[in-house]
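Report on one structure; see the data block that follows.
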Amino acid sequence: MDSTERYLVGVYDDDDEVLHAVTTVKQSGVKIEEVYTPFPIHGLDVALGHPRTRIPIAAFLFGCLGLTCIFSLINYTMVFDWPMIIGGKDFFALPDWIPVSFEGTVLFTAFGMVGTFLVSNSLWPGKSPRTFDLRSTDDKFILTVNMANNKKSESEIESILKATGAIEVNVKQF
């Protein structure tokens with residue numbers, strides 16, 4: 001990314017206002033970069049046009065990987081490496097493996113999802129966050145517009161943001 005990216009940052013007081021503003025701003029032909037909120041807003045992802053997340057697919061695949069690894073480990077240790085007859089049961093006693101298999105599946109899924117979250121959100125050590133307005137973590141709702149992605153002028157977009165209820169519109173440069 002260039003170090004000269006310019007953003008218009010609309011600051012809103014109310015979650016209903018920012019949800020209505022997203023629809024109005026998009027209808028006026030302005031491309032919204034992102035909306036930052038202190039809490040989730042129902043329907044905001046649909047209003048922004050975000051596709052459905054593929055996170056559940058990743059969770060399922062991590063769970064399958066965990067189940068496969070745990071079954072392989074148990075099978076190797078209890079059948080091949082050190083076979084023990086415990087309570088007169090067979091070496092391959094599948095019902096006895098269920099609790100350990102469940103815990104291994106949950107463990108792999110949890111660690112995999114944390115890793116997926118960090119990678120998908122570009123949160124690695126040494127990465128400095130791009131903060132448009134610190135108040136978005138407290139009580140304000142931030143709507144950002146990348147000026148490079150829009151054909152309208154800065155003053156036109158600023159007037160559209162103010163007309164939708166923005167209490168202030170700032171320019172942020174990265």
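We name chains A, B, ... following the order of the structure tokens; residues begin at 1 in each chain, and ligands are numbered from 1 as shown.
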
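Using only C-alpha atoms, the contacts of Thr77 (chain A) at a cut-off of 12 Å, with sequence neighbours closer than 5 positions omitted, comprise A:Ile70, A:Phe71, A:Ser72, A:Trp82, A:Pro83, A:Met84, A:Phe91, A:Phe92, A:Trp97.
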
Go through region 82-174 of chain A and flag each residue having an atom no more than 9 Å from region 31-42 of chain A; for those, report the closest pair of atoms plus their distance in Å to one decimal, using only C-alpha atoms, ordered by chain and rising number, as a tab-separated table.
```
residue	atom	partner	partner_atom	distance
A:Phe132	CA	A:Tyr36	CA	8.7
A:Asp133	CA	A:Tyr36	CA	9.0
A:Arg135	CA	A:Pro38	CA	8.4
A:Ser136	CA	A:Pro38	CA	5.5
A:Thr137	CA	A:Pro38	CA	4.8
A:Asp138	CA	A:Pro38	CA	5.8
A:Asp139	CA	A:Pro38	CA	6.2
A:Lys140	CA	A:Thr37	CA	6.8
A:Phe141	CA	A:Thr37	CA	4.8
A:Ile142	CA	A:Tyr36	CA	5.0
A:Leu143	CA	A:Val35	CA	4.5
A:Thr144	CA	A:Glu34	CA	5.5
A:Val145	CA	A:Ile32	CA	4.8
A:Asn146	CA	A:Glu33	CA	5.8
A:Met147	CA	A:Lys31	CA	8.9
A:Asn149	CA	A:Lys31	CA	6.7
A:Asn150	CA	A:Lys31	CA	6.2
```

Can you write out the residues you just picked, keeping C-alpha atoms, as a PDB file, in the first residue's frame?
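Now in result-v8.pdb:
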```
ATOM      1  CA  PHE A 132      -8.948   5.552  11.959  1.00  0.00           C
ATOM      2  CA  ASP A 133     -10.410   6.854  15.208  1.00  0.00           C
ATOM      3  CA  ARG A 135     -13.347   6.345  19.745  1.00  0.00           C
ATOM      4  CA  SER A 136     -14.534   3.381  17.644  1.00  0.00           C
ATOM      5  CA  THR A 137     -13.542   1.138  20.553  1.00  0.00           C
ATOM      6  CA  ASP A 138     -15.636   3.162  23.001  1.00  0.00           C
ATOM      7  CA  ASP A 139     -18.880   4.684  21.775  1.00  0.00           C
ATOM      8  CA  LYS A 140     -18.564   5.981  18.190  1.00  0.00           C
ATOM      9  CA  PHE A 141     -19.216   4.330  14.828  1.00  0.00           C
ATOM     10  CA  ILE A 142     -16.678   4.977  12.074  1.00  0.00           C
ATOM     11  CA  LEU A 143     -17.441   4.794   8.346  1.00  0.00           C
ATOM     12  CA  THR A 144     -14.325   4.971   6.157  1.00  0.00           C
ATOM     13  CA  VAL A 145     -14.158   5.842   2.472  1.00  0.00           C
ATOM     14  CA  ASN A 146     -10.943   5.343   0.500  1.00  0.00           C
ATOM     15  CA  MET A 147     -10.631   8.324  -1.831  1.00  0.00           C
ATOM     16  CA  ASN A 149     -11.519   3.968  -4.969  1.00  0.00           C
ATOM     17  CA  ASN A 150     -14.087   6.698  -5.631  1.00  0.00           C
TER      18      ASN A 150
END
```

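Distance annotation: of A:Gln27, A:Lys162, A:Ala21, A:Thr131, the residue with the minimal separation from Leu44 (chain A) is A:Ala21; atom set is only C-alpha atoms.
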
Problem - Close residues, Val171 (chain A) itself excluded, 7 Å, only C-alpha atoms, min 4 positions apart in chain, as a VMD selection string - result: chain A and resid 6 to 9

Problem - Filtered DSSP result for chain A, state strand (DSSP E or B), as a ChimeraX atom specification - result: /A:6-12,34-36,141-146,168-173

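DSSP annotation of region 111-144 of chain A from backbone atoms: alpha helix (DSSP H) residues are Phe111, Gly112, Met113, Val114, Gly115, Thr116, Phe117, Leu118, Val119 and Ser120 of chain A.
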
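The space separating CA of Thr53 (chain A) from CA of Met113 (chain A) comes to 13.1 Å.
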
Practice task
Excluding Gly66 (chain A) and residues on its chain fewer than 3 positions from it, collect all residues at most 10 Å away from it, counting only C-alpha atoms, and give them as a ChimeraX atom specification.
Solution key: /A:60-63,69-72,101-109,112

Output of the above residues as a short mmCIF file (atom, residue, chain, number, x, y, z; two decimals), in the first residue's frame, restricted to N, CA and C atoms:
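Generated output (again12.cif):
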```
data_model
loop_
_atom_site.label_atom_id
_atom_site.label_comp_id
_atom_site.auth_asym_id
_atom_site.auth_seq_id
_atom_site.Cartn_x
_atom_site.Cartn_y
_atom_site.Cartn_z
N PHE A 60 -14.47 -27.02 10.58
CA PHE A 60 -14.73 -28.43 10.30
C PHE A 60 -13.46 -29.15 9.85
N LEU A 61 -12.68 -28.51 8.98
CA LEU A 61 -11.45 -29.13 8.50
C LEU A 61 -10.43 -29.30 9.61
N PHE A 62 -10.31 -28.31 10.50
CA PHE A 62 -9.40 -28.45 11.64
C PHE A 62 -9.87 -29.57 12.57
N GLY A 63 -11.18 -29.70 12.75
CA GLY A 63 -11.71 -30.79 13.56
C GLY A 63 -11.41 -32.16 12.95
N CYS A 69 -5.49 -37.09 13.49
CA CYS A 69 -4.22 -37.15 14.22
C CYS A 69 -4.37 -37.92 15.53
N ILE A 70 -5.45 -37.67 16.26
CA ILE A 70 -5.64 -38.35 17.55
C ILE A 70 -5.90 -39.84 17.34
N PHE A 71 -6.73 -40.19 16.35
CA PHE A 71 -6.95 -41.60 16.06
C PHE A 71 -5.65 -42.29 15.66
N SER A 72 -4.85 -41.61 14.86
CA SER A 72 -3.56 -42.19 14.45
C SER A 72 -2.65 -42.39 15.65
N SER A 101 -10.54 -38.75 21.71
CA SER A 101 -10.74 -38.27 20.34
C SER A 101 -11.51 -36.95 20.32
N PHE A 102 -12.54 -36.87 21.16
CA PHE A 102 -13.31 -35.63 21.24
C PHE A 102 -12.43 -34.47 21.71
N GLU A 103 -11.66 -34.70 22.77
CA GLU A 103 -10.80 -33.63 23.30
C GLU A 103 -9.75 -33.21 22.28
N GLY A 104 -9.18 -34.17 21.55
CA GLY A 104 -8.20 -33.83 20.51
C GLY A 104 -8.82 -33.03 19.38
N THR A 105 -10.05 -33.39 19.01
CA THR A 105 -10.75 -32.65 17.96
C THR A 105 -10.99 -31.21 18.39
N VAL A 106 -11.45 -31.02 19.62
CA VAL A 106 -11.70 -29.67 20.13
C VAL A 106 -10.39 -28.88 20.21
N LEU A 107 -9.31 -29.52 20.66
CA LEU A 107 -8.02 -28.85 20.78
C LEU A 107 -7.50 -28.38 19.42
N PHE A 108 -7.52 -29.26 18.43
CA PHE A 108 -7.05 -28.88 17.10
C PHE A 108 -7.93 -27.79 16.50
N THR A 109 -9.24 -27.88 16.70
CA THR A 109 -10.15 -26.87 16.16
C THR A 109 -9.88 -25.51 16.81
N GLY A 112 -6.47 -24.18 15.64
CA GLY A 112 -6.58 -23.85 14.22
C GLY A 112 -7.38 -22.59 13.98
#
```

With a cut-off of 10 Å, could you pull out the residues of region 13-106 of chain A touching region 115-126 of chain A and give me the nearest pair of atoms for each, distance in Å to one decimal, using only C-alpha atoms, ordered by chain and ascending number, as a tab-separated table?
```
residue	atom	partner	partner_atom	distance
A:Ile55	CA	A:Thr116	CA	8.3
A:Ala58	CA	A:Thr116	CA	8.0
A:Ala59	CA	A:Thr116	CA	9.2
```

Problem - Residues near Ala93 (chain A), cut-off 12 Å, only C-alpha atoms, skip fewer than 3 positions along chain, as a list in words - result: Phe71, Ile74, Asn75, Met78, Val79, Pro83, Met84, Ile85, Ile86, Gly87, Gly88, Lys89, Asp90, Asp96, Trp97 and Ile98 of chain A

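In terms of minimum interatomic distance to Ser153 (chain A), A:Val30 ranks closest within A:Leu94, A:Val114, A:Leu67, A:Val30, counting only C-alpha atoms.
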
Practice task
Choose the residue, out of A:Cys64, A:Leu134, A:Ile160, A:Val11, that has the smallest atom-to-atom separation from Thr23 (chain A); count only C-alpha atoms.
Solution key: A:Ile160

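Among the candidates A:Ser155, A:Thr68, A:Thr24, A:Thr4, the one nearest to Gln173 (chain A) when counting only C-alpha atoms is A:Thr4.
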